Amino acid sequence: MAGNSRASLAFYAFARFLTFDVFAGLWNRTRVEGAEHVPTEGPFILAPVHRSNMDTPYAAATTRRRLRFMGKDSLWKAKVPAWTLSALGGFPVSRGTVDREALRRCTEVLQAGEPLVVFPEGERKSGPVVQPLFEGAAYLAARAGVPIVPVGIGGSERAMPKGARFIRPTKVVVVVGEPLRLEASDGGARVPREATRELTARLHDELQRLFDTAQIRASA
């Protein structure tokens, strides 16, 4: 896929080092627990809770592999920003056809063997309770036959709440859970609705447990 050149991968590694190892590590005292649960090869879906614009960089702290994520296509209009966003793992999705376009592009990412970030709560939420999840993450995982790795992020809402312009120097803890997947899923175009609902329910329960743990650790 686009953005897989040596230059773009090197740029990602450098940006990750500055963002997490230097800035987040020092400014937010960011700590990751359970990183051993993140697959070291092959495709998977990373499914974090979503309380801050910083959740994508905090999620990237869980692995040195480049994570892929969606962005609105208007951000790719200029050449330099387009290359930068692609190198950082982003890929464009057209507005107006988001559902169809997102499904196609996300499937391409997983088929290429790359890890994909999907926030199952959708847009940023607030508070300590994991909100009802969209079924997209579970559907994609079942269709592609890949695991979902749930992630709780504690402290990110305090670090950069909605509307904030600056990141506050507060502690952030990322807790990674064991991968979830449908037992009998090997991928395929037809995914039973009940299977998607069941996986979504399991994901919700695990996200709440991990989020609770991460919040306690971040407040300690």
# chains A, B, ... in the order shown; residues from 1 in each chain; ligands from 1

$ select_by_dssp --residues "region 14-218 of chain A" --states "helix (DSSP H, G or I)" --output "PyMOL selection string"
chain A and resi 14-27+35-37+55-60+73-76+79-87+98-111+136-144+156-159+193-218

$ closest_atom_pairs --of "region 86-157 of chain A" --to "region 46-64 of chain A" --cutoff "12 Å" --atoms "only C-alpha atoms" --output "tab-separated table"
residue	atom	partner	partner_atom	distance
A:Leu88	CA	A:Pro57	CA	10.1
A:Gly89	CA	A:Ala60	CA	10.2
A:Gly90	CA	A:Thr56	CA	10.8
A:Leu110	CA	A:Leu46	CA	11.5
A:Glu114	CA	A:Leu46	CA	10.9
A:Pro115	CA	A:Leu46	CA	7.1
A:Leu116	CA	A:Leu46	CA	6.0
A:Val117	CA	A:Leu46	CA	4.8
A:Val118	CA	A:Ala47	CA	5.2
A:Phe119	CA	A:Ala47	CA	5.4
A:Pro120	CA	A:Ala47	CA	6.3
A:Glu121	CA	A:His50	CA	6.8
A:Gly122	CA	A:His50	CA	7.8
A:Glu123	CA	A:His50	CA	7.2
A:Arg124	CA	A:His50	CA	5.1
A:Lys125	CA	A:Arg51	CA	5.3
A:Ser126	CA	A:Arg51	CA	5.8
A:Gly127	CA	A:Arg51	CA	7.9
A:Pro128	CA	A:Arg51	CA	9.3
A:Val129	CA	A:Val49	CA	9.8
A:Val130	CA	A:Val49	CA	7.2
A:Gln131	CA	A:Val49	CA	9.1
A:Pro132	CA	A:Val49	CA	11.2
A:Leu133	CA	A:Val49	CA	9.9
A:Phe134	CA	A:Ala47	CA	11.4
A:Glu135	CA	A:Ala47	CA	11.7
A:Gly136	CA	A:Ala47	CA	10.8
A:Ala137	CA	A:Ala47	CA	7.5
A:Ala138	CA	A:Ala47	CA	9.7
A:Leu140	CA	A:Leu46	CA	11.6
A:Ala141	CA	A:Leu46	CA	10.2
A:Val146	CA	A:Leu46	CA	10.6
A:Pro147	CA	A:Leu46	CA	8.6
A:Ile148	CA	A:Leu46	CA	5.9
A:Val149	CA	A:Leu46	CA	4.8
A:Pro150	CA	A:Ala47	CA	4.8
A:Val151	CA	A:Pro48	CA	4.3
A:Gly152	CA	A:Val49	CA	5.7
A:Ile153	CA	A:Val49	CA	6.5
A:Gly154	CA	A:Arg51	CA	9.0
A:Gly155	CA	A:Arg51	CA	8.9
A:Ser156	CA	A:Ser52	CA	5.7
A:Glu157	CA	A:Arg51	CA	5.2

$ write_last_selection --atoms "C-alpha atoms" --output "PDB file, in the first residue's frame"
ATOM      1  CA  LEU A  88       2.330   8.206   9.837  1.00  0.00           C
ATOM      2  CA  GLY A  89      -0.145   5.453   8.946  1.00  0.00           C
ATOM      3  CA  GLY A  90      -3.140   7.442   7.759  1.00  0.00           C
ATOM      4  CA  LEU A 110      -5.932  -5.842   6.826  1.00  0.00           C
ATOM      5  CA  GLU A 114      -1.064  -4.339   8.465  1.00  0.00           C
ATOM      6  CA  PRO A 115      -2.510  -3.433  11.896  1.00  0.00           C
ATOM      7  CA  LEU A 116      -5.491  -1.092  11.907  1.00  0.00           C
ATOM      8  CA  VAL A 117      -6.732   1.306  14.611  1.00  0.00           C
ATOM      9  CA  VAL A 118     -10.520   1.461  15.023  1.00  0.00           C
ATOM     10  CA  PHE A 119     -12.181   3.398  17.838  1.00  0.00           C
ATOM     11  CA  PRO A 120     -15.296   1.279  18.480  1.00  0.00           C
ATOM     12  CA  GLU A 121     -17.029   4.071  20.428  1.00  0.00           C
ATOM     13  CA  GLY A 122     -16.818   6.232  17.299  1.00  0.00           C
ATOM     14  CA  GLU A 123     -16.171   9.887  18.075  1.00  0.00           C
ATOM     15  CA  ARG A 124     -14.540  11.067  21.300  1.00  0.00           C
ATOM     16  CA  LYS A 125     -16.618  10.460  24.396  1.00  0.00           C
ATOM     17  CA  SER A 126     -16.285  11.719  27.952  1.00  0.00           C
ATOM     18  CA  GLY A 127     -16.334  10.110  31.362  1.00  0.00           C
ATOM     19  CA  PRO A 128     -15.366   6.770  32.919  1.00  0.00           C
ATOM     20  CA  VAL A 129     -18.034   4.597  31.269  1.00  0.00           C
ATOM     21  CA  VAL A 130     -17.420   2.934  27.893  1.00  0.00           C
ATOM     22  CA  GLN A 131     -20.312   3.955  25.662  1.00  0.00           C
ATOM     23  CA  PRO A 132     -22.286   1.556  23.406  1.00  0.00           C
ATOM     24  CA  LEU A 133     -19.990   0.352  20.644  1.00  0.00           C
ATOM     25  CA  PHE A 134     -20.490   0.447  16.915  1.00  0.00           C
ATOM     26  CA  GLU A 135     -20.276  -3.014  15.385  1.00  0.00           C
ATOM     27  CA  GLY A 136     -17.786  -2.022  12.681  1.00  0.00           C
ATOM     28  CA  ALA A 137     -14.664  -3.253  14.486  1.00  0.00           C
ATOM     29  CA  ALA A 138     -16.190  -6.666  15.214  1.00  0.00           C
ATOM     30  CA  LEU A 140     -14.200  -6.135  10.107  1.00  0.00           C
ATOM     31  CA  ALA A 141     -12.392  -8.555  12.421  1.00  0.00           C
ATOM     32  CA  VAL A 146      -8.198 -11.213  12.433  1.00  0.00           C
ATOM     33  CA  PRO A 147      -8.111 -10.574  16.207  1.00  0.00           C
ATOM     34  CA  ILE A 148      -9.252  -7.428  17.987  1.00  0.00           C
ATOM     35  CA  VAL A 149      -6.840  -6.115  20.616  1.00  0.00           C
ATOM     36  CA  PRO A 150      -8.746  -4.025  23.212  1.00  0.00           C
ATOM     37  CA  VAL A 151      -6.982  -1.066  24.825  1.00  0.00           C
ATOM     38  CA  GLY A 152      -7.884   1.030  27.851  1.00  0.00           C
ATOM     39  CA  ILE A 153      -6.265   4.484  28.094  1.00  0.00           C
ATOM     40  CA  GLY A 154      -6.414   6.184  31.478  1.00  0.00           C
ATOM     41  CA  GLY A 155      -5.609   9.871  31.927  1.00  0.00           C
ATOM     42  CA  SER A 156      -5.815  11.001  28.294  1.00  0.00           C
ATOM     43  CA  GLU A 157      -8.973  13.025  28.910  1.00  0.00           C
TER      44      GLU A 157
END

$ atom_distance --atom1 "CA of Arg29 (chain A)" --atom2 "CA of Glu206 (chain A)"
24.4 Å

$ closest_residue --among "A:Leu182, A:Ala13, A:Leu207, A:Val172" --to "Ser219 (chain A)" --atoms "only C-alpha atoms"
A:Val172

$ select_by_dssp --residues "region 28-203 of chain A" --states "strand (DSSP E or B)" --output "ChimeraX atom specification"
/A:31-33,45-48,68-72,90-93,116-117,148-154,173-176,180

$ closest_residue --among "A:Val38, A:Ala102, A:Ala218, A:Ala87" --to "Lys72 (chain A)" --atoms "only C-alpha atoms"
A:Ala102
